[in-house]
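Enquirer: If you scroll down you'll find the structure; I have some questions about it.
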Amino acid sequence: MLRCLPAPLSLVVLLLLANLALAQPCLDAELNQIFVTGPPAVGAPPFAGMIGGGDIDDVSAGANRLDVPVAAGRVGATTVYAAIVSQFDPAPPGERTGVQGWSLACVVTGDIQLITATTTGTAARDLMTSGSGGFEKTEPFHAETDEGPVITSAMVLSFREPLVLPIEGTATILAIEIEAPGPQPDAPSAAHVGGIRWRDGVGYNPVVNTITVNGASAQPCRRQEVTIAFVHGGGTPHRRGDTNGDGRVDIADPIWLLQQLFRKGPPTRCADAADANDDGILDVADAAFGIGYNFFGGAPSPPPFPECGDDPTDDALECDEYPSCP
């Protein structure tokens, strides 16, 4: 049909078609790579917990920024999780459509410090059990660049089993612990600001960011890059999961919360600490979360845990008193 049009008009039509193709939103794409503020529960929907509120197509200033409130004089710290968002159609029987593995490399930039990076506590690590025959190697501080330290990580869920990430949902693949380079200044406008940026060809053995789907290399619609800012603010430092404030996270904490909820027991003095699953609500799910962690190998609470710290999550819960943190 385009052959029937004058050459200049054909070029205009082709450009319009190209723009329409580029305009397809990444929110509907089969693959995206994002950062989240905590390990989503198994089966979490696409983009759950994404830094910036869940709109990966928003590239405006500050859209992909995480502000971590820190009290003056304290050193800010937080953990962010790299995650893969999958939105595949169900595969026919006998076929395995889904993410089987990946290699990635990123740099930590600006006025923040990389403490460590690990797959422990991620959905990917939980899938790749000791008997699955998979492979994993993660190296923080793999090399230094002009921008900052490099993290490289590679994982194959299994070489002999049809293991894939859930075909629809958000699955964490890497936990990255970040810290401010020094105490928070006592000034409302002061902040330690840096970011995490994906980079190809960095590390001692240069890594190319690639996701493997059905044995073939695939690229996400978008790899989110984030800004992390330790800003003036924050409440009382505490340890998440320690409902009774005795400095330990154990069976006494879910018991305390259940007594408070159902038997008119004394209320916790630090609701933020009692919110074990960090969903902003104090309910029986927090008690169940604590029991799962203490007795059934369940996931640990999101930060601040296991060390004392400020709550990085913006919610309505307060911490009036927590004497067990220095």
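Ligands are numbered from 1 in the order shown, chains are lettered A, B, ... in the order of the structure tokens, and residues start at 1 in each chain.
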Which range 214-307 of chain A residues have any atom within 9 Å of an atom of range 70-90 of chain A, and for each, what is the nearest pair of atoms with distance in Å to one decimal, counting only C-alpha atoms, rows sorted by chain and number, as a Markdown table?

Expert:
```
| residue | atom | partner | partner_atom | distance |
| --- | --- | --- | --- | --- |
| A:Pro220 | CA | A:Ile84 | CA | 8.8 |
| A:Phe230 | CA | A:Gly76 | CA | 6.1 |
| A:Val231 | CA | A:Val70 | CA | 5.9 |
| A:His232 | CA | A:Val70 | CA | 5.4 |
| A:Gly233 | CA | A:Val70 | CA | 5.0 |
| A:Gly234 | CA | A:Val70 | CA | 4.6 |
| A:Gly235 | CA | A:Ala71 | CA | 6.7 |
| A:Thr236 | CA | A:Ala71 | CA | 8.0 |
| A:Pro237 | CA | A:Ala71 | CA | 8.4 |
| A:Pro302 | CA | A:Thr79 | CA | 8.3 |
| A:Pro303 | CA | A:Thr78 | CA | 6.6 |
| A:Pro304 | CA | A:Thr78 | CA | 7.7 |
```

Enquirer: Can you tell me, as a ChimeraX atom specification, what residues are no more than 8 Å from Trp198 in chain A when counting only C-alpha atoms, ignoring any on the same chain fewer than 2 positions away?

Expert: /A:104-107,196,200,209,223,225

Enquirer: For the residues in the current selection, export N, CA, C and O atoms as a PDB file, in the first residue's frame.

Expert:
```pdb
ATOM      1  N   LEU A 104      23.296  -9.902  35.346  1.00  0.00           N
ATOM      2  CA  LEU A 104      23.067  -8.472  35.483  1.00  0.00           C
ATOM      3  C   LEU A 104      24.284  -7.796  36.100  1.00  0.00           C
ATOM      4  O   LEU A 104      25.093  -8.410  36.793  1.00  0.00           O
ATOM      5  N   ALA A 105      24.402  -6.523  35.818  1.00  0.00           N
ATOM      6  CA  ALA A 105      25.458  -5.699  36.404  1.00  0.00           C
ATOM      7  C   ALA A 105      24.919  -4.294  36.600  1.00  0.00           C
ATOM      8  O   ALA A 105      24.252  -3.746  35.726  1.00  0.00           O
ATOM      9  N   CYS A 106      25.178  -3.725  37.770  1.00  0.00           N
ATOM     10  CA  CYS A 106      24.753  -2.369  38.049  1.00  0.00           C
ATOM     11  C   CYS A 106      25.812  -1.670  38.878  1.00  0.00           C
ATOM     12  O   CYS A 106      26.690  -2.313  39.475  1.00  0.00           O
ATOM     13  N   VAL A 107      25.754  -0.354  38.919  1.00  0.00           N
ATOM     14  CA  VAL A 107      26.684   0.436  39.708  1.00  0.00           C
ATOM     15  C   VAL A 107      25.902   1.269  40.709  1.00  0.00           C
ATOM     16  O   VAL A 107      24.763   1.679  40.452  1.00  0.00           O
ATOM     17  N   ILE A 196      21.109   3.727  41.745  1.00  0.00           N
ATOM     18  CA  ILE A 196      21.530   2.435  41.206  1.00  0.00           C
ATOM     19  C   ILE A 196      21.237   2.461  39.715  1.00  0.00           C
ATOM     20  O   ILE A 196      20.100   2.719  39.299  1.00  0.00           O
ATOM     21  N   ASP A 200      26.216  -2.235  31.174  1.00  0.00           N
ATOM     22  CA  ASP A 200      26.794  -3.382  30.474  1.00  0.00           C
ATOM     23  C   ASP A 200      28.309  -3.233  30.427  1.00  0.00           C
ATOM     24  O   ASP A 200      28.846  -2.122  30.410  1.00  0.00           O
ATOM     25  N   ASN A 209      23.817  -7.284  30.625  1.00  0.00           N
ATOM     26  CA  ASN A 209      22.520  -7.521  31.255  1.00  0.00           C
ATOM     27  C   ASN A 209      21.611  -8.287  30.303  1.00  0.00           C
ATOM     28  O   ASN A 209      21.248  -7.780  29.236  1.00  0.00           O
ATOM     29  N   ARG A 223      14.468  -1.263  31.929  1.00  0.00           N
ATOM     30  CA  ARG A 223      15.183  -1.508  33.169  1.00  0.00           C
ATOM     31  C   ARG A 223      15.145  -0.224  33.984  1.00  0.00           C
ATOM     32  O   ARG A 223      15.765   0.769  33.636  1.00  0.00           O
ATOM     33  N   GLU A 225      15.922   2.520  36.627  1.00  0.00           N
ATOM     34  CA  GLU A 225      17.034   3.017  37.418  1.00  0.00           C
ATOM     35  C   GLU A 225      16.465   3.936  38.481  1.00  0.00           C
ATOM     36  O   GLU A 225      15.512   4.686  38.233  1.00  0.00           O
TER      37      GLU A 225
END
```

Enquirer: So the first atom is CA of Thr118 in chain A and the second is CA of Ala154 in chain A; what is the distance between them in Å, to one decimal place?

Expert: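 Between CA of Thr118 in chain A and CA of Ala154 in chain A the gap is 11.0 Å.
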
Enquirer: Interatomic distance between CA of Thr170 in chain A and CA of Leu317 in chain A?

Expert: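 About the pair CA of Thr170 in chain A and CA of Leu317 in chain A: they are 25.9 Å apart.
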
Enquirer: Just checking: using only C-alpha atoms, which residue out of A:Leu31, A:Ile51, A:Ala44, A:Ile291 ends up closest to Val226 in chain A?

Expert: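 Result for the nearest residue to Val226 in chain A: A:Ile51.
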
Enquirer: Using only C-alpha atoms, can you tell me which of A:Glu168, A:Asp246, A:Asp146, A:Asp275 comes closest to Asn32 in chain A?

Expert: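 That would be A:Glu168, the residue with the smallest distance to Asn32 in chain A.
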